[in-house]
$ cat my_file-v4.txt   # compact mmCIF, C-alpha atoms
# COMPACT_ATOMS: atom_id res chain seq x y z
CA MET A 1321 5.91 1.39 36.38
CA ALA A 1322 7.00 0.91 32.76
CA GLU A 1323 5.21 2.84 30.05
CA SER A 1324 2.41 1.13 28.13
CA PHE A 1325 1.74 1.37 24.42
CA ILE A 1326 -0.48 0.15 21.65
CA ARG A 1327 1.46 -0.84 18.57
CA SER A 1328 0.39 -1.92 15.11
CA ARG A 1329 1.92 -2.63 11.75
CA ALA A 1330 0.60 -3.20 8.24
CA PRO A 1331 2.53 -4.77 5.34
CA LEU A 1332 3.31 -3.00 2.09
CA ARG A 1333 2.38 -4.63 -1.20
CA LEU A 1334 3.62 -5.40 -4.69
CA GLY A 1335 1.05 -4.91 -7.43
CA LEU A 1336 1.23 -7.93 -9.74
CA GLY A 1337 -1.70 -7.28 -12.04
CA GLY A 1338 -4.72 -5.08 -12.68
CA GLY A 1339 -3.34 -1.99 -10.99
CA GLY A 1340 -5.51 1.03 -11.77
CA THR A 1341 -8.68 -0.98 -12.34
CA ASP A 1342 -9.50 -0.53 -8.63
CA THR A 1343 -9.88 3.23 -9.08
CA SER A 1344 -13.03 5.23 -9.77
CA PRO A 1345 -14.83 5.43 -12.12
CA TYR A 1346 -13.44 2.32 -13.81
CA ALA A 1347 -14.18 -0.07 -10.91
CA GLU A 1348 -17.77 1.11 -10.54
CA GLN A 1349 -18.51 1.10 -14.27
CA TYR A 1350 -16.70 -2.02 -15.46
CA GLY A 1351 -15.59 -3.88 -12.33
CA GLY A 1352 -11.93 -3.95 -11.40
CA VAL A 1353 -9.72 -6.92 -10.60
CA VAL A 1354 -6.24 -6.77 -9.08
CA ILE A 1355 -3.75 -9.31 -7.84
CA ASN A 1356 -1.14 -8.27 -5.29
CA ALA A 1357 1.24 -9.73 -2.72
CA THR A 1358 2.37 -8.25 0.57
CA VAL A 1359 6.05 -8.16 1.50
CA ASP A 1360 7.94 -7.95 4.78
CA LEU A 1361 8.23 -4.17 4.67
CA TYR A 1362 5.82 -2.35 6.96
CA ALA A 1363 4.13 0.83 8.12
CA HIS A 1364 4.47 1.06 11.92
CA VAL A 1365 2.27 2.85 14.49
CA THR A 1366 2.57 3.45 18.24
CA ILE A 1367 -0.14 5.08 20.37
CA ALA A 1368 0.80 6.21 23.90
CA PRO A 1369 -0.59 8.58 26.54
CA SER A 1370 0.45 12.18 25.92
CA GLN A 1371 2.71 13.62 28.59
CA SER A 1372 1.65 17.18 27.68
CA GLY A 1373 -2.10 16.56 27.59
CA ASP A 1374 -2.16 17.60 23.91
CA VAL A 1375 -2.41 15.53 20.76
CA GLU A 1376 1.15 14.88 19.58
CA LEU A 1377 1.82 13.52 16.10
CA HIS A 1378 5.23 12.20 15.05
CA LEU A 1379 6.36 11.11 11.59
CA ASP A 1380 9.50 9.50 12.96
CA ASP A 1381 11.15 8.48 9.69
CA ARG A 1382 10.76 12.02 8.31
CA GLU A 1383 11.58 13.74 11.62
CA LEU A 1384 8.36 15.76 11.52
CA PHE A 1385 6.31 16.73 14.58
CA TRP A 1386 2.94 18.42 15.18
CA SER A 1387 1.06 19.12 18.39
CA GLY A 1388 -2.15 20.87 19.33
CA PRO A 1389 -4.85 20.95 22.00
CA ALA A 1390 -6.87 17.76 22.35
CA ALA A 1391 -9.94 18.73 20.37
CA THR A 1392 -12.14 17.35 17.62
CA PRO A 1393 -11.84 17.74 14.82
CA LEU A 1394 -8.14 18.43 14.59
CA PRO A 1395 -7.22 20.90 11.85
CA LEU A 1396 -5.79 19.27 8.75
CA THR A 1397 -2.21 20.16 7.84
CA GLU A 1398 -0.42 19.04 4.71
CA GLU A 1399 2.25 16.85 6.32
CA MET A 1400 0.01 15.31 9.02
CA LYS A 1401 -3.41 15.07 7.39
CA LEU A 1402 -3.42 11.26 7.24
CA LEU A 1403 -2.85 11.02 11.00
CA GLN A 1404 -5.25 13.86 11.72
CA GLY A 1405 -7.90 12.36 9.44
CA VAL A 1406 -7.77 8.98 11.17
CA TYR A 1407 -7.84 10.60 14.63
CA ASN A 1408 -10.87 12.71 13.70
CA ARG A 1409 -12.83 9.81 12.22
CA MET A 1410 -12.07 7.37 15.04
CA CYS A 1411 -12.99 9.93 17.73
CA ALA A 1412 -16.24 10.62 15.89
CA ASP A 1413 -17.20 6.99 15.28
CA PHE A 1414 -15.95 5.29 18.45
CA ASN A 1415 -15.53 7.91 21.18
CA GLY A 1416 -18.74 9.92 20.93
CA GLY A 1417 -16.89 12.81 19.28
CA ARG A 1418 -14.77 13.36 22.39
CA ALA A 1419 -11.11 14.26 22.00
CA MET A 1420 -8.31 12.10 23.38
CA PRO A 1421 -4.91 13.43 24.41
CA MET A 1422 -2.38 10.99 23.00
CA ALA A 1423 0.96 10.69 21.28
CA ILE A 1424 0.97 8.92 17.90
CA HIS A 1425 4.23 7.81 16.29
CA VAL A 1426 4.30 6.60 12.68
CA SER A 1427 7.11 5.35 10.47
CA ALA A 1428 7.60 3.18 7.37
CA ASP A 1429 10.37 0.91 6.15
CA VAL A 1430 10.53 2.68 2.77
CA PRO A 1431 10.51 6.31 1.61
CA PRO A 1432 7.17 8.06 0.94
CA GLY A 1433 5.88 7.96 -2.63
CA SER A 1434 7.35 4.50 -3.08
CA GLY A 1435 4.55 2.85 -5.05
CA LEU A 1436 4.20 0.07 -2.46
CA GLY A 1437 0.97 1.45 -0.97
CA THR A 1438 2.79 3.03 1.96
CA SER A 1439 0.29 5.82 2.72
CA SER A 1440 -2.68 3.44 2.71
CA ALA A 1441 -0.78 0.89 4.79
CA MET A 1442 -0.09 3.67 7.31
CA VAL A 1443 -3.78 4.59 7.46
CA THR A 1444 -4.73 0.92 7.80
CA ALA A 1445 -2.24 0.46 10.65
CA LEU A 1446 -3.60 3.59 12.36
CA VAL A 1447 -7.19 2.34 12.09
CA GLN A 1448 -6.12 -1.02 13.53
CA ALA A 1449 -4.29 0.68 16.42
CA PHE A 1450 -7.49 2.56 17.32
CA ASN A 1451 -9.42 -0.69 16.84
CA GLU A 1452 -7.15 -2.16 19.53
CA LEU A 1453 -7.55 0.91 21.75
CA PHE A 1454 -11.34 0.84 21.61
CA GLN A 1455 -11.59 -2.97 21.47
CA ALA A 1456 -14.01 -2.32 18.59
CA ARG A 1457 -13.69 -5.83 17.09
CA LEU A 1458 -13.48 -4.55 13.51
CA SER A 1459 -12.89 -7.29 10.94
CA ALA A 1460 -10.24 -7.05 8.21
CA TYR A 1461 -12.97 -5.97 5.80
CA ASP A 1462 -14.15 -3.31 8.28
CA VAL A 1463 -10.64 -1.96 8.81
CA ALA A 1464 -9.92 -1.79 5.07
CA HIS A 1465 -13.29 -0.18 4.29
CA LEU A 1466 -12.85 2.44 7.01
CA ALA A 1467 -9.27 3.20 5.95
CA HIS A 1468 -10.47 3.66 2.37
CA GLU A 1469 -13.30 5.98 3.43
CA ILE A 1470 -10.94 8.14 5.50
CA GLU A 1471 -8.53 8.58 2.59
CA ARG A 1472 -10.92 8.90 -0.32
CA ILE A 1473 -14.03 10.49 1.25
CA ASP A 1474 -12.97 12.29 4.44
CA LEU A 1475 -9.64 13.58 3.10
CA LYS A 1476 -10.64 13.58 -0.61
CA LEU A 1477 -7.35 11.99 -1.69
CA ASN A 1478 -7.59 10.43 -5.12
CA GLY A 1479 -6.65 6.78 -5.49
CA GLY A 1480 -7.89 3.22 -5.61
CA LYS A 1481 -8.97 0.62 -3.08
CA GLN A 1482 -6.47 -2.21 -3.37
CA ASP A 1483 -3.84 -0.87 -0.97
CA GLN A 1484 -6.09 -0.81 2.10
CA TYR A 1485 -7.37 -4.34 1.47
CA ALA A 1486 -3.88 -5.70 0.76
CA ALA A 1487 -2.60 -4.18 4.02
CA ALA A 1488 -5.56 -5.44 6.03
CA PHE A 1489 -5.56 -9.03 4.75
CA GLY A 1490 -1.92 -9.69 3.81
CA GLY A 1491 -0.69 -12.52 1.60
CA VAL A 1492 -1.27 -13.05 -2.11
CA ASN A 1493 -4.78 -11.90 -2.97
CA PHE A 1494 -7.02 -11.76 -6.03
CA ILE A 1495 -9.35 -8.86 -5.26
CA GLU A 1496 -12.54 -7.94 -7.13
CA PHE A 1497 -13.97 -4.40 -7.02
CA GLY A 1498 -17.52 -3.89 -8.26
CA PRO A 1499 -19.18 -3.22 -10.60
CA GLY A 1500 -20.66 -1.00 -7.92
CA PRO A 1501 -19.24 -0.51 -4.42
CA GLY A 1502 -18.63 -4.15 -3.40
CA VAL A 1503 -15.20 -5.67 -2.69
CA LEU A 1504 -14.34 -9.39 -2.54
CA VAL A 1505 -10.92 -10.59 -1.34
CA ASN A 1506 -9.91 -14.03 -2.61
CA PRO A 1507 -6.72 -15.35 -0.92
CA LEU A 1508 -4.59 -17.48 -3.24
CA ARG A 1509 -3.03 -20.63 -1.87
CA ILE A 1510 0.38 -20.39 -3.46
CA ALA A 1511 2.55 -23.48 -3.05
CA PRO A 1512 5.51 -22.89 -0.67
CA GLU A 1513 8.00 -23.78 -3.42
CA THR A 1514 6.32 -21.25 -5.76
CA ALA A 1515 6.62 -18.55 -3.11
CA ALA A 1516 10.28 -19.48 -2.59
CA GLU A 1517 11.01 -19.31 -6.32
CA PHE A 1518 9.26 -15.95 -6.56
CA GLU A 1519 11.38 -14.59 -3.71
CA ALA A 1520 14.57 -15.99 -5.25
CA SER A 1521 13.67 -14.31 -8.54
CA LEU A 1522 12.56 -10.94 -7.15
CA VAL A 1523 14.71 -7.83 -7.44
CA LEU A 1524 13.11 -4.75 -5.87
CA PHE A 1525 14.79 -1.45 -6.70
CA PHE A 1526 13.93 2.00 -5.35
CA SER A 1527 14.49 4.49 -8.15
CA GLY A 1528 15.32 7.29 -5.73
CA VAL A 1529 12.40 9.32 -7.07
CA SER A 1530 9.32 9.74 -4.87
CA ARG A 1531 6.19 10.61 -6.79
CA GLU A 1532 2.70 11.93 -6.19
CA SER A 1533 0.39 9.14 -7.37
CA ALA A 1534 -2.70 11.39 -7.26
CA ARG A 1535 -1.58 13.27 -10.39
CA ILE A 1536 -1.30 10.06 -12.39
CA ILE A 1537 -4.61 8.74 -11.08
CA ASP A 1538 -6.27 12.07 -11.88
CA GLU A 1539 -5.23 11.68 -15.51
CA GLN A 1540 -6.41 8.07 -15.63
CA THR A 1541 -9.74 9.14 -14.12
CA ARG A 1542 -10.17 11.89 -16.72
CA ASN A 1543 -9.34 9.46 -19.52
CA VAL A 1544 -11.91 6.88 -18.35
CA SER A 1545 -14.59 9.48 -17.58
CA GLY A 1546 -14.04 11.13 -20.94
CA GLY A 1547 -14.28 7.87 -22.83
CA GLU A 1548 -10.67 7.97 -24.01
CA MET A 1549 -10.78 4.55 -25.66
CA ALA A 1550 -7.04 3.87 -25.70
CA SER A 1551 -6.90 4.33 -21.91
CA VAL A 1552 -10.11 2.35 -21.29
CA GLU A 1553 -8.92 -0.51 -23.48
CA ALA A 1554 -5.57 -0.54 -21.65
CA MET A 1555 -7.52 -0.88 -18.38
CA HIS A 1556 -9.49 -3.79 -19.84
CA GLN A 1557 -6.21 -5.49 -20.78
CA LEU A 1558 -4.76 -4.93 -17.30
CA LYS A 1559 -7.87 -6.53 -15.78
CA ALA A 1560 -7.65 -9.52 -18.12
CA GLN A 1561 -4.02 -9.99 -17.12
CA SER A 1562 -5.02 -10.41 -13.48
CA PHE A 1563 -6.76 -13.65 -14.42
CA GLN A 1564 -3.68 -14.79 -16.35
CA MET A 1565 -1.45 -13.88 -13.41
CA LYS A 1566 -3.67 -15.86 -11.04
CA GLN A 1567 -3.32 -19.01 -13.14
CA ALA A 1568 0.44 -18.60 -13.56
CA LEU A 1569 0.97 -18.24 -9.80
CA LEU A 1570 -1.28 -21.17 -8.90
CA ARG A 1571 0.60 -23.34 -11.42
CA GLY A 1572 3.99 -22.17 -10.14
CA ARG A 1573 5.12 -20.74 -13.48
CA ILE A 1574 7.33 -17.80 -12.52
CA ASP A 1575 8.54 -17.31 -16.10
CA GLU A 1576 4.91 -16.72 -17.14
CA VAL A 1577 4.47 -14.32 -14.21
CA ALA A 1578 7.46 -12.34 -15.50
CA ALA A 1579 6.08 -12.25 -19.05
CA ILE A 1580 2.70 -11.00 -17.78
CA LEU A 1581 4.43 -8.27 -15.76
CA ASP A 1582 6.28 -7.21 -18.90
CA GLU A 1583 3.13 -7.03 -21.00
CA GLY A 1584 1.22 -5.34 -18.18
CA TRP A 1585 3.84 -2.59 -17.96
CA ALA A 1586 3.33 -1.88 -21.67
CA HIS A 1587 -0.45 -1.56 -21.12
CA LYS A 1588 0.04 0.51 -17.96
CA LYS A 1589 2.03 3.12 -19.86
CA ARG A 1590 -0.97 3.68 -22.13
CA THR A 1591 -3.32 4.62 -19.27
CA ALA A 1592 -1.66 8.00 -18.58
CA SER A 1593 1.19 10.02 -20.04
CA THR A 1594 3.00 10.38 -16.69
CA VAL A 1595 3.21 6.68 -15.78
CA THR A 1596 6.80 6.43 -17.00
CA THR A 1597 9.77 8.77 -17.39
CA PRO A 1598 13.01 8.61 -19.40
CA GLU A 1599 14.85 7.67 -16.18
CA LEU A 1600 12.48 4.76 -15.47
CA ASP A 1601 12.71 3.59 -19.06
CA ALA A 1602 16.51 3.59 -18.79
CA LEU A 1603 16.34 1.55 -15.57
CA TYR A 1604 13.98 -0.91 -17.17
CA ASP A 1605 16.10 -1.30 -20.30
CA ALA A 1606 19.27 -1.84 -18.24
CA ALA A 1607 17.62 -4.57 -16.15
CA LYS A 1608 16.28 -6.33 -19.23
CA ALA A 1609 19.70 -6.13 -20.94
CA ALA A 1610 21.29 -7.70 -17.85
CA GLY A 1611 18.88 -10.65 -17.95
CA ALA A 1612 15.63 -9.66 -16.22
CA MET A 1613 12.73 -11.73 -17.55
CA GLY A 1614 10.14 -9.03 -16.88
CA GLY A 1615 9.18 -6.21 -14.57
CA LYS A 1616 7.19 -3.07 -13.96
CA VAL A 1617 6.94 0.02 -11.81
CA SER A 1618 5.04 -0.75 -8.62
CA GLY A 1619 1.97 1.39 -7.98
CA ALA A 1620 0.65 4.20 -10.14
CA GLY A 1621 4.03 4.87 -11.76
CA GLY A 1622 6.12 7.99 -12.24
CA GLY A 1623 8.81 6.85 -9.81
CA GLY A 1624 9.10 4.84 -6.62
CA PHE A 1625 9.96 1.14 -6.77
CA MET A 1626 10.55 -1.01 -9.81
CA MET A 1627 10.21 -4.77 -9.47
CA PHE A 1628 11.86 -7.34 -11.69
CA LEU A 1629 11.77 -11.11 -11.91
CA VAL A 1630 15.06 -12.70 -12.97
CA ASP A 1631 16.55 -16.14 -13.31
CA PRO A 1632 18.19 -16.45 -9.85
CA ARG A 1633 21.45 -17.37 -11.59
CA LYS A 1634 21.43 -13.90 -13.20
CA ARG A 1635 20.30 -12.04 -10.10
CA LEU A 1636 23.66 -10.49 -9.22
CA ARG A 1637 24.17 -9.37 -12.80
CA VAL A 1638 20.85 -7.52 -12.75
CA VAL A 1639 21.55 -6.04 -9.31
CA ARG A 1640 24.92 -4.71 -10.47
CA ALA A 1641 23.34 -3.16 -13.56
CA LEU A 1642 20.76 -1.38 -11.40
CA GLU A 1643 23.38 -0.21 -8.91
CA ALA A 1644 24.84 1.96 -11.66
CA PHE A 1645 21.77 4.19 -11.24
CA PRO A 1646 20.78 6.41 -8.31
CA GLY A 1647 18.68 4.44 -5.82
CA ARG A 1648 19.08 1.16 -3.99
CA VAL A 1649 18.10 -2.49 -4.02
CA PHE A 1650 15.83 -3.63 -1.16
CA ALA A 1651 16.00 -7.19 0.16
CA THR A 1652 12.50 -8.45 0.87
CA GLY A 1653 10.31 -11.53 0.86
CA LEU A 1654 6.62 -12.35 0.81
CA THR A 1655 4.56 -12.31 3.97
CA ALA A 1656 1.24 -14.00 4.72
CA GLY A 1657 0.11 -11.81 7.61
CA GLY A 1658 -2.01 -8.68 7.34
CA VAL A 1659 -2.39 -5.74 9.71
CA MET A 1660 -1.96 -6.59 13.37
CA SER A 1661 -1.93 -4.78 16.70
CA TRP A 1662 -0.78 -5.55 20.22
CA ARG A 1663 -0.34 -3.99 23.66
CA VAL A 1664 2.99 -3.44 25.37
CA GLY A 1665 3.46 -2.86 29.10
CA GLU A 1666 1.59 -3.84 32.22
CA ASP A 1667 -0.07 -0.56 33.18
CA LEU A 1668 -2.97 -0.53 30.74
CA ARG A 1669 -5.03 1.85 32.86
CA LYS A 1670 -3.57 4.91 31.14
CA LEU A 1671 -4.33 3.42 27.74
CA ALA A 1672 -7.85 2.52 28.82
CA SER A 1673 -8.38 6.07 30.07
CA LEU A 1674 -7.74 7.41 26.57
CA ALA A 1675 -10.91 5.74 25.35
CA ALA A 1676 -12.97 6.48 28.46

$ encode --input "my_file-v4.txt" --output "structure tokens"
Amino acid sequence: MAESFIRSRAPLRLGLGGGGTDTSPYAEQYGGVVINATVDLYAHVTIAPSQSGDVELHLDDRELFWSGPAATPLPLTEEMKLLQGVYNRMCADFNGGRAMPMAIHVSADVPPGSGLGTSSAMVTALVQAFNELFQARLSAYDVAHLAHEIERIDLKLNGGKQDQYAAAFGGVNFIEFGPGPGVLVNPLRIAPETAAEFEASLVLFFSGVSRESARIIDEQTRNVSGGEMASVEAMHQLKAQSFQMKQALLRGRIDEVAAILDEGWAHKKRTASTVTTPELDALYDAAKAAGAMGGKVSGAGGGGFMMFLVDPRKRLRVVRALEAFPGRVFATGLTAGGVMSWRVGEDLRKLASLAA
């Protein structure tokens, strides 16, 4: 009998506007607004019965492995705490606190610290895989909310909310956070020709530098909490640009989208001192000199991916300019689908027994 698995995947996202306004305390005090778009790069999860009877955790793309007795809660280790945190919460909420021997494999299509929301997409995909295992019928809102709670409350990892909701829903979304705890996801109906022009104009470049977003977000949090007016005003401007970005996308004006990205990057750099580096500034200047209309660092900043919008006729010129730097260009396009899960194999009894 062939093996049986549960698989899931969640898309990564590009932040187009308002990034940082989804973090605490700004979102709760002022209300945050972001606009993002998911791309066809994914976090992948497989859950299978454990051959050893233990809990086995695999970060396949980083060639890391952890195993331990099937118990709850699992101890938290630095490299595996996202997987362990999801396992602990799902056992507690959906399996009566009982442990489940299983093997969990996780990988992503990009390096860690990329700025594309990879960690949160991984947590979202893990929650969805357990949702499939338990047949819990969690909605996209439920999955995103639970993924956010695991990261920010259970594991006390600093960060915002947009990544979990982008991964859960997929597509181009205008997302409102607060004031207060509420979240509202507004899907944008982008014309197919607008999406095609955006893809033709997009150059996505990995700088070769992974970064720890929590440090940047910590500084932004301190600035907002301490009433640092330059940082708060920059956040207000980033939020206002989300509304401008929404109108530009709905009207199919990619040149305006590029200009808003450019202006947003200038505001973003004022929210924390570590958002940019001399290396990122050099990359940005080289792309602009080669003909990029606008761009920004994706995510909190400090490294990871940079995205640029270019006249498609100048695309190769910009790519060649970027290839002079360490890193690589990623080919990608937009995707409409959010997190999904499915079962593989005919013998589902072993999978069912995990949740018994």

$ residues_around --input "my_file-v4.txt" --residues "Arg1327 (chain A)" --least-positions-apart "4" --cutoff "12 Å" --atoms "all atoms listed in the file" --output "list in words"
Ala1363, His1364, Val1365, Thr1366, Ile1367, Ala1368, Ala1423, Ile1424, His1425, Val1426, Ser1427, Ala1445, Leu1446, Val1447, Gln1448, Ala1449, Phe1450, Asn1451, Glu1452, Leu1453, Val1659, Met1660, Ser1661, Trp1662, Arg1663, Val1664, Gly1665 and Leu1671 of chain A

$ closest_residue --input "my_file-v4.txt" --among "A:Asp1381, A:Glu1553, A:Asp1575, A:Glu1583" --to "Thr1514 (chain A)" --atoms "all atoms listed in the file"
A:Asp1575

$ residues_near_point --input "my_file-v4.txt" --point "(17.1, -3.4, -15.9)" --cutoff "12 Å" --atoms "only C-alpha atoms" --output "PyMOL selection string"
chain A and resi 1523-1525+1527+1582+1599-1617+1626-1630+1634-1645+1649

$ closest_residue --input "my_file-v4.txt" --among "A:Asp1483, A:Asp1374, A:Asp1360, A:Glu1471" --to "Val1430 (chain A)" --atoms "all atoms listed in the file"
A:Asp1360

$ residues_around --input "my_file-v4.txt" --residues "Tyr1407 (chain A)" --least-positions-apart "3" --cutoff "12 Å" --atoms "all atoms listed in the file" --output "VMD selection string"
chain A and resid 1367 1375 to 1377 1390 to 1396 1400 to 1404 1410 to 1415 1417 to 1424 1443 1446 to 1451 1467 1470 1474

$ residues_around --input "my_file-v4.txt" --residues "Ala1460 (chain A)" --least-positions-apart "3" --cutoff "8 Å" --atoms "only C-alpha atoms" --output "ChimeraX atom specification"
/A:1463-1464,1485,1488-1489

$ atom_distance --input "my_file-v4.txt" --atom1 "CA of Leu1436 (chain A)" --atom2 "CA of Gly1624 (chain A)"
8.0 Å

$ residues_around --input "my_file-v4.txt" --residues "Leu1336 (chain A)" --least-positions-apart "4" --cutoff "7 Å" --atoms "all atoms listed in the file" --output "list in words"
Ile1355, Asn1356 and Leu1581 of chain A

$ closest_residue --input "my_file-v4.txt" --among "A:Lys1588, A:Arg1633, A:Arg1333, A:Arg1571" --to "Ser1439 (chain A)" --atoms "all atoms listed in the file"
A:Arg1333

$ closest_residue --input "my_file-v4.txt" --among "A:Phe1497, A:Phe1650, A:Tyr1362, A:Phe1518" --to "Gly1340 (chain A)" --atoms "all atoms listed in the file"
A:Phe1497

$ atom_distance --input "my_file-v4.txt" --atom1 "CA of Ile1580 (chain A)" --atom2 "CA of Met1565 (chain A)"
6.7 Å

$ residues_near_point --input "my_file-v4.txt" --point "(-13.8, -11.2, -2.1)" --cutoff "10 Å" --atoms "all atoms listed in the file" --output "list in words"
Tyr1461, Asn1493, Phe1494, Ile1495, Glu1496, Phe1497, Gly1502, Val1503, Leu1504, Val1505, Asn1506 and Pro1507 of chain A

$ write_last_selection --input "my_file-v4.txt" --atoms "C-alpha atoms" --output "mmCIF file, in the coordinates of the input"
data_model
loop_
_atom_site.group_PDB
_atom_site.id
_atom_site.type_symbol
_atom_site.label_atom_id
_atom_site.label_comp_id
_atom_site.auth_asym_id
_atom_site.auth_seq_id
_atom_site.Cartn_x
_atom_site.Cartn_y
_atom_site.Cartn_z
ATOM 1 C CA TYR A 1461 -12.970 -5.970 5.800
ATOM 2 C CA ASN A 1493 -4.780 -11.900 -2.970
ATOM 3 C CA PHE A 1494 -7.020 -11.760 -6.030
ATOM 4 C CA ILE A 1495 -9.350 -8.860 -5.260
ATOM 5 C CA GLU A 1496 -12.540 -7.940 -7.130
ATOM 6 C CA PHE A 1497 -13.970 -4.400 -7.020
ATOM 7 C CA GLY A 1502 -18.630 -4.150 -3.400
ATOM 8 C CA VAL A 1503 -15.200 -5.670 -2.690
ATOM 9 C CA LEU A 1504 -14.340 -9.390 -2.540
ATOM 10 C CA VAL A 1505 -10.920 -10.590 -1.340
ATOM 11 C CA ASN A 1506 -9.910 -14.030 -2.610
ATOM 12 C CA PRO A 1507 -6.720 -15.350 -0.920
#

$ atom_distance --input "my_file-v4.txt" --atom1 "CA of Leu1558 (chain A)" --atom2 "CA of Val1353 (chain A)"
8.6 Å

$ closest_residue --input "my_file-v4.txt" --among "A:Ser1370, A:Ser1562, A:Ser1618, A:Ser1459" --to "Gly1433 (chain A)" --atoms "only C-alpha atoms"
A:Ser1618

$ closest_residue --input "my_file-v4.txt" --among "A:Arg1573, A:His1465, A:Lys1559, A:Arg1409" --to "Ala1515 (chain A)" --atoms "all atoms listed in the file"
A:Arg1573
